file data.cif (mmCIF, N, CA and C atoms)
data_work
#
loop_
_atom_site.label_atom_id
_atom_site.label_comp_id
_atom_site.auth_asym_id
_atom_site.auth_seq_id
_atom_site.Cartn_x
_atom_site.Cartn_y
_atom_site.Cartn_z
N PHE A 852 120.83 16.08 112.43
CA PHE A 852 122.12 16.72 112.24
C PHE A 852 122.40 16.99 110.77
N ALA A 853 121.97 16.09 109.92
CA ALA A 853 122.28 16.20 108.50
C ALA A 853 121.67 17.44 107.86
N GLU A 854 120.63 17.99 108.46
CA GLU A 854 119.99 19.17 107.90
C GLU A 854 120.50 20.47 108.52
N SER A 855 121.40 20.39 109.47
CA SER A 855 121.97 21.58 110.10
C SER A 855 122.89 22.30 109.12
N PRO A 856 122.83 23.62 109.09
CA PRO A 856 123.73 24.37 108.18
C PRO A 856 125.19 24.33 108.63
N HIS A 857 125.43 23.92 109.87
CA HIS A 857 126.79 23.91 110.42
C HIS A 857 127.44 22.54 110.42
N ILE A 858 126.70 21.53 109.97
CA ILE A 858 127.21 20.16 109.98
C ILE A 858 127.03 19.57 108.60
N GLN A 859 128.06 18.88 108.13
CA GLN A 859 127.95 18.16 106.87
C GLN A 859 128.14 16.68 107.15
N VAL A 860 127.18 15.88 106.75
CA VAL A 860 127.31 14.44 106.82
C VAL A 860 127.60 13.98 105.40
N ARG A 861 128.76 13.40 105.21
CA ARG A 861 129.19 12.97 103.88
C ARG A 861 129.59 11.51 103.93
N ILE A 862 129.17 10.75 102.94
CA ILE A 862 129.46 9.32 102.87
C ILE A 862 130.64 9.10 101.94
N LEU A 863 131.59 8.32 102.40
CA LEU A 863 132.74 7.94 101.59
C LEU A 863 132.46 6.54 101.04
N PRO A 864 132.24 6.43 99.74
CA PRO A 864 131.90 5.11 99.18
C PRO A 864 133.05 4.12 99.29
N PHE A 865 132.70 2.84 99.32
CA PHE A 865 133.72 1.79 99.35
C PHE A 865 134.60 1.85 98.11
N SER A 866 134.10 2.42 97.03
CA SER A 866 134.87 2.50 95.79
C SER A 866 135.90 3.64 95.80
N SER A 867 136.00 4.35 96.90
CA SER A 867 136.94 5.47 97.01
C SER A 867 138.37 5.02 96.74
N MET A 868 139.15 5.89 96.12
CA MET A 868 140.54 5.58 95.80
C MET A 868 141.51 6.14 96.84
N THR A 869 141.03 6.90 97.81
CA THR A 869 141.93 7.51 98.77
C THR A 869 142.14 6.63 100.00
N TYR A 870 143.35 6.65 100.49
CA TYR A 870 143.68 5.94 101.71
C TYR A 870 143.97 6.92 102.85
N ALA A 871 143.67 8.20 102.62
CA ALA A 871 144.03 9.26 103.56
C ALA A 871 143.35 9.12 104.91
N GLY A 872 142.23 8.44 104.98
CA GLY A 872 141.52 8.34 106.24
C GLY A 872 141.65 6.99 106.93
N LEU A 873 142.48 6.12 106.40
CA LEU A 873 142.57 4.78 106.95
C LEU A 873 143.49 4.65 108.15
N ASP A 874 144.25 5.69 108.46
CA ASP A 874 145.16 5.63 109.61
C ASP A 874 144.46 5.82 110.94
N GLY A 875 143.20 6.14 110.90
CA GLY A 875 142.45 6.34 112.14
C GLY A 875 141.64 7.62 112.07
N LYS A 876 140.71 7.72 112.97
CA LYS A 876 139.83 8.88 112.94
C LYS A 876 140.46 10.07 113.65
N PHE A 877 140.07 11.24 113.19
CA PHE A 877 140.50 12.48 113.82
C PHE A 877 139.45 13.54 113.54
N THR A 878 139.45 14.56 114.35
CA THR A 878 138.56 15.70 114.15
C THR A 878 139.41 16.95 114.06
N LEU A 879 139.24 17.68 112.98
CA LEU A 879 139.95 18.94 112.80
C LEU A 879 139.05 20.05 113.34
N LEU A 880 139.53 20.78 114.32
CA LEU A 880 138.73 21.81 114.98
C LEU A 880 139.32 23.20 114.71
N ARG A 881 138.46 24.12 114.31
CA ARG A 881 138.86 25.52 114.18
C ARG A 881 138.26 26.26 115.35
N LEU A 882 139.11 26.82 116.18
CA LEU A 882 138.67 27.52 117.39
C LEU A 882 138.22 28.94 117.06
N ALA A 883 137.53 29.56 118.01
CA ALA A 883 136.98 30.90 117.80
C ALA A 883 138.06 31.92 117.45
N ASN A 884 139.28 31.72 117.96
CA ASN A 884 140.36 32.68 117.69
C ASN A 884 141.06 32.40 116.35
N GLY A 885 140.59 31.37 115.61
CA GLY A 885 141.17 31.04 114.32
C GLY A 885 142.20 29.93 114.35
N ASP A 886 142.67 29.56 115.54
CA ASP A 886 143.63 28.46 115.65
C ASP A 886 142.96 27.15 115.26
N GLU A 887 143.75 26.22 114.75
CA GLU A 887 143.26 24.89 114.44
C GLU A 887 144.01 23.86 115.26
N VAL A 888 143.27 22.86 115.73
CA VAL A 888 143.85 21.75 116.47
C VAL A 888 143.23 20.47 115.94
N VAL A 889 143.91 19.37 116.21
CA VAL A 889 143.40 18.06 115.84
C VAL A 889 143.06 17.32 117.13
N TYR A 890 141.90 16.70 117.13
CA TYR A 890 141.48 15.86 118.26
C TYR A 890 141.50 14.42 117.78
N GLN A 891 142.26 13.58 118.46
CA GLN A 891 142.29 12.16 118.16
C GLN A 891 141.77 11.40 119.37
N GLU A 892 140.95 10.40 119.09
CA GLU A 892 140.38 9.60 120.16
C GLU A 892 140.61 8.14 119.84
N GLY A 893 141.09 7.42 120.80
CA GLY A 893 141.33 6.00 120.63
C GLY A 893 140.86 5.24 121.83
N PRO A 894 140.98 3.91 121.79
CA PRO A 894 140.49 3.10 122.91
C PRO A 894 141.28 3.32 124.20
N ALA A 895 142.54 3.70 124.09
CA ALA A 895 143.36 3.84 125.29
C ALA A 895 143.65 5.29 125.67
N PHE A 896 143.42 6.23 124.74
CA PHE A 896 143.74 7.62 125.04
C PHE A 896 143.01 8.55 124.07
N SER A 897 142.94 9.79 124.45
CA SER A 897 142.43 10.87 123.60
C SER A 897 143.40 12.03 123.75
N GLN A 898 143.56 12.80 122.68
CA GLN A 898 144.51 13.92 122.78
C GLN A 898 144.14 15.04 121.82
N LEU A 899 144.49 16.24 122.23
CA LEU A 899 144.44 17.42 121.37
C LEU A 899 145.86 17.69 120.89
N ILE A 900 146.00 17.93 119.61
CA ILE A 900 147.31 18.19 119.02
C ILE A 900 147.28 19.56 118.37
N ASP A 901 148.24 20.40 118.74
CA ASP A 901 148.31 21.73 118.14
C ASP A 901 149.60 21.94 117.35
N ALA A 902 150.39 20.89 117.18
CA ALA A 902 151.63 20.99 116.40
C ALA A 902 151.28 21.35 114.96
N PRO A 903 151.79 22.47 114.44
CA PRO A 903 151.41 22.95 113.11
C PRO A 903 151.59 21.92 112.00
N ASP A 904 152.66 21.14 112.02
CA ASP A 904 152.89 20.15 110.97
C ASP A 904 151.82 19.05 111.01
N THR A 905 151.46 18.61 112.19
CA THR A 905 150.45 17.56 112.32
C THR A 905 149.08 18.08 111.93
N VAL A 906 148.75 19.30 112.35
CA VAL A 906 147.47 19.90 111.98
C VAL A 906 147.39 20.06 110.46
N ALA A 907 148.46 20.52 109.83
CA ALA A 907 148.48 20.69 108.37
C ALA A 907 148.33 19.34 107.66
N ASP A 908 149.00 18.30 108.16
CA ASP A 908 148.89 16.97 107.58
C ASP A 908 147.45 16.46 107.67
N CYS A 909 146.82 16.64 108.80
CA CYS A 909 145.44 16.20 108.97
C CYS A 909 144.48 17.01 108.08
N ALA A 910 144.75 18.29 107.89
CA ALA A 910 143.92 19.11 107.02
C ALA A 910 144.00 18.60 105.58
N VAL A 911 145.19 18.22 105.14
CA VAL A 911 145.34 17.66 103.79
C VAL A 911 144.59 16.34 103.69
N ARG A 912 144.74 15.49 104.69
CA ARG A 912 144.04 14.20 104.70
C ARG A 912 142.52 14.41 104.65
N PHE A 913 142.04 15.38 105.43
CA PHE A 913 140.60 15.67 105.44
C PHE A 913 140.14 16.11 104.06
N ASP A 914 140.89 16.99 103.42
CA ASP A 914 140.52 17.46 102.08
C ASP A 914 140.51 16.32 101.07
N LEU A 915 141.46 15.39 101.18
CA LEU A 915 141.49 14.25 100.27
C LEU A 915 140.26 13.36 100.46
N VAL A 916 139.90 13.12 101.71
CA VAL A 916 138.72 12.30 101.98
C VAL A 916 137.46 13.01 101.48
N MET A 917 137.34 14.29 101.75
CA MET A 917 136.15 15.04 101.31
C MET A 917 136.05 15.09 99.78
N GLY A 918 137.20 15.10 99.12
CA GLY A 918 137.20 15.09 97.66
C GLY A 918 136.66 13.81 97.08
N GLU A 919 136.74 12.72 97.82
CA GLU A 919 136.23 11.42 97.38
C GLU A 919 134.81 11.15 97.88
N ALA A 920 134.38 11.89 98.88
CA ALA A 920 133.07 11.65 99.48
C ALA A 920 131.95 12.10 98.55
N LEU A 921 130.80 11.49 98.73
CA LEU A 921 129.62 11.92 97.98
C LEU A 921 129.25 13.33 98.40
N PRO A 922 128.67 14.11 97.49
CA PRO A 922 128.20 15.45 97.89
C PRO A 922 127.18 15.36 99.02
N ARG A 923 127.01 16.46 99.71
CA ARG A 923 126.14 16.49 100.89
C ARG A 923 124.73 16.01 100.58
N ALA A 924 124.13 16.51 99.51
CA ALA A 924 122.75 16.14 99.17
C ALA A 924 122.65 14.66 98.81
N GLU A 925 123.61 14.16 98.06
CA GLU A 925 123.59 12.74 97.68
C GLU A 925 123.79 11.85 98.91
N SER A 926 124.69 12.25 99.80
CA SER A 926 124.89 11.50 101.04
C SER A 926 123.61 11.45 101.86
N HIS A 927 122.93 12.58 101.93
CA HIS A 927 121.66 12.65 102.67
C HIS A 927 120.64 11.69 102.07
N ASN A 928 120.57 11.65 100.73
CA ASN A 928 119.63 10.74 100.07
C ASN A 928 119.98 9.28 100.32
N VAL A 929 121.25 8.94 100.35
CA VAL A 929 121.68 7.57 100.65
C VAL A 929 121.22 7.18 102.05
N ILE A 930 121.38 8.09 102.99
CA ILE A 930 120.96 7.81 104.37
C ILE A 930 119.44 7.62 104.44
N LEU A 931 118.69 8.49 103.77
CA LEU A 931 117.23 8.37 103.79
C LEU A 931 116.79 7.05 103.17
N ARG A 932 117.40 6.62 102.07
CA ARG A 932 117.05 5.35 101.43
C ARG A 932 117.36 4.18 102.37
N ALA A 933 118.47 4.26 103.08
CA ALA A 933 118.82 3.18 104.03
C ALA A 933 117.80 3.13 105.17
N LEU A 934 117.37 4.28 105.63
CA LEU A 934 116.38 4.32 106.71
C LEU A 934 115.03 3.76 106.28
N GLU A 935 114.67 3.94 105.01
CA GLU A 935 113.41 3.41 104.51
C GLU A 935 113.38 1.90 104.65
N GLY A 936 114.52 1.27 104.46
CA GLY A 936 114.58 -0.19 104.56
C GLY A 936 114.45 -0.69 105.99
N LEU A 937 114.55 0.19 106.96
CA LEU A 937 114.47 -0.21 108.36
C LEU A 937 113.07 -0.09 108.94
N THR A 938 112.18 0.58 108.22
CA THR A 938 110.84 0.78 108.77
C THR A 938 109.85 -0.21 108.24
#
call {"tool": "encode", "arguments": {"input": "data.cif", "output": "structure tokens"}}
result
Amino acid sequence: FAESPHIQVRILPFSSMTYAGLDGKFTLLRLANGDEVVYQEGPAFSQLIDAPDTVADCAVRFDLVMGEALPRAESHNVILRALEGLT
């Protein structure tokens, strides 16, 4: 997946200063018609949210996390180094 042009695997280091992603996981989805929705999944429920304010808030949170994450190539190298230790 990490080598796919449509997927980015990015590592957020423990030294990150952002707390934007600590409220729980979410997936920001852009649909074919251009609409954006948020998908949240938890142990008791899963939901799609299309409320514009919530989608905008999650988009900001995503951008904050991505701003702290390692670049794509560096993240890939970290993963490869970790895998070397497993073989």
call {"tool": "closest_atom_pairs", "arguments": {"input": "data.cif", "of": "range 860-884 of chain A", "to": "range 892-911 of chain A", "cutoff": "7 Å", "atoms": "all atoms listed in the file", "output": "Markdown table"}}
result
| residue | atom | partner | partner_atom | distance |
| --- | --- | --- | --- | --- |
| A:Lys876 | C | A:Glu892 | N | 5.5 |
| A:Phe877 | CA | A:Glu892 | N | 5.7 |
| A:Thr878 | N | A:Glu892 | N | 6.5 |
| A:Leu879 | CA | A:Cys909 | C | 6.8 |
call {"tool": "write_last_selection", "arguments": {"input": "data.cif", "atoms": "N, CA and C atoms", "output": "short mmCIF file (atom, residue, chain, number, x, y, z; two decimals), keeping the file's coordinate frame"}}
result
data_model
loop_
_atom_site.label_atom_id
_atom_site.label_comp_id
_atom_site.auth_asym_id
_atom_site.auth_seq_id
_atom_site.Cartn_x
_atom_site.Cartn_y
_atom_site.Cartn_z
N LYS A 876 140.71 7.72 112.97
CA LYS A 876 139.83 8.88 112.94
C LYS A 876 140.46 10.07 113.65
N PHE A 877 140.07 11.24 113.19
CA PHE A 877 140.50 12.48 113.82
C PHE A 877 139.45 13.54 113.54
N THR A 878 139.45 14.56 114.35
CA THR A 878 138.56 15.70 114.15
C THR A 878 139.41 16.95 114.06
N LEU A 879 139.24 17.68 112.98
CA LEU A 879 139.95 18.94 112.80
C LEU A 879 139.05 20.05 113.34
#
call {"tool": "residues_around", "arguments": {"input": "data.cif", "residues": "Val929 in chain A", "least_positions_apart": "4", "cutoff": "12 Å", "atoms": "only C-alpha atoms", "output": "mmCIF file with N, CA and C atoms, keeping the file's coordinate frame"}}
result
data_model
loop_
_atom_site.group_PDB
_atom_site.id
_atom_site.type_symbol
_atom_site.label_atom_id
_atom_site.label_comp_id
_atom_site.auth_asym_id
_atom_site.auth_seq_id
_atom_site.Cartn_x
_atom_site.Cartn_y
_atom_site.Cartn_z
ATOM 1 N N ALA A 853 121.970 16.090 109.920
ATOM 2 C CA ALA A 853 122.280 16.200 108.500
ATOM 3 C C ALA A 853 121.670 17.440 107.860
ATOM 4 N N VAL A 860 127.180 15.880 106.750
ATOM 5 C CA VAL A 860 127.310 14.440 106.820
ATOM 6 C C VAL A 860 127.600 13.980 105.400
ATOM 7 N N ARG A 861 128.760 13.400 105.210
ATOM 8 C CA ARG A 861 129.190 12.970 103.880
ATOM 9 C C ARG A 861 129.590 11.510 103.930
ATOM 10 N N ILE A 862 129.170 10.750 102.940
ATOM 11 C CA ILE A 862 129.460 9.320 102.870
ATOM 12 C C ILE A 862 130.640 9.100 101.940
ATOM 13 N N LEU A 863 131.590 8.320 102.400
ATOM 14 C CA LEU A 863 132.740 7.940 101.590
ATOM 15 C C LEU A 863 132.460 6.540 101.040
ATOM 16 N N PRO A 864 132.240 6.430 99.740
ATOM 17 C CA PRO A 864 131.900 5.110 99.180
ATOM 18 C C PRO A 864 133.050 4.120 99.290
ATOM 19 N N LEU A 921 130.800 11.490 98.730
ATOM 20 C CA LEU A 921 129.620 11.920 97.980
ATOM 21 C C LEU A 921 129.250 13.330 98.400
ATOM 22 N N PRO A 922 128.670 14.110 97.490
ATOM 23 C CA PRO A 922 128.200 15.450 97.890
ATOM 24 C C PRO A 922 127.180 15.360 99.020
ATOM 25 N N ARG A 923 127.010 16.460 99.710
ATOM 26 C CA ARG A 923 126.140 16.490 100.890
ATOM 27 C C ARG A 923 124.730 16.010 100.580
ATOM 28 N N ALA A 924 124.130 16.510 99.510
ATOM 29 C CA ALA A 924 122.750 16.140 99.170
ATOM 30 C C ALA A 924 122.650 14.660 98.810
ATOM 31 N N GLU A 925 123.610 14.160 98.060
ATOM 32 C CA GLU A 925 123.590 12.740 97.680
ATOM 33 C C GLU A 925 123.790 11.850 98.910
ATOM 34 N N ALA A 933 118.470 4.260 103.080
ATOM 35 C CA ALA A 933 118.820 3.180 104.030
ATOM 36 C C ALA A 933 117.800 3.130 105.170
ATOM 37 N N LEU A 934 117.370 4.280 105.630
ATOM 38 C CA LEU A 934 116.380 4.320 106.710
ATOM 39 C C LEU A 934 115.030 3.760 106.280
ATOM 40 N N GLU A 935 114.670 3.940 105.010
ATOM 41 C CA GLU A 935 113.410 3.410 104.510
ATOM 42 C C GLU A 935 113.380 1.900 104.650
ATOM 43 N N GLY A 936 114.520 1.270 104.460
ATOM 44 C CA GLY A 936 114.580 -0.190 104.560
ATOM 45 C C GLY A 936 114.450 -0.690 105.990
#
call {"tool": "axis_aligned_box", "arguments": {"input": "data.cif", "around": "range 905-910 of chain A", "padding_each_side": "8 Å", "output": "AutoDock Vina command-line options"}}
result
--center_x 147.7 --center_y 18.4 --center_z 109.0 --size_x 23.5 --size_y 20.5 --size_z 22.8
call {"tool": "select_by_dssp", "arguments": {"input": "data.cif", "residues": "chain A", "states": "strand (DSSP E)", "output": "PyMOL selection string"}}
result
chain A and resi 878-881+887-892+897-900
call {"tool": "atom_distance", "arguments": {"input": "data.cif", "atom1": "atom N of Gly875 in chain A", "atom2": "CA of Glu887 in chain A"}}
result
19.1 Å
call {"tool": "atom_distance", "arguments": {"input": "data.cif", "atom1": "CA of Asp886 in chain A", "atom2": "atom N of Thr869 in chain A"}}
result
28.1 Å
call {"tool": "atom_distance", "arguments": {"input": "data.cif", "atom1": "CA of Val889 in chain A", "atom2": "atom C of Asn928 in chain A"}}
result
29.4 Å
call {"tool": "resolve_selection", "arguments": {"input": "data.cif", "expression": "the PyMOL selection byres ((chain A and resi 871) around 7)", "output": "list in words"}}
result
Met868, Thr869, Tyr870, Gly872, Leu873, Asp874, Gly875, Arg912, Phe913, Leu915 and Val916 of chain A
call {"tool": "select_by_dssp", "arguments": {"input": "data.cif", "residues": "chain A", "states": "helix (DSSP H, G or I)", "output": "ChimeraX atom specification"}}
result
/A:903-919,923-935
call {"tool": "closest_residue", "arguments": {"input": "data.cif", "among": "A:Ile858, A:Phe852, A:Ala883, A:Ser867", "to": "Glu919 in chain A", "atoms": "all atoms listed in the file"}}
result
A:Ser867
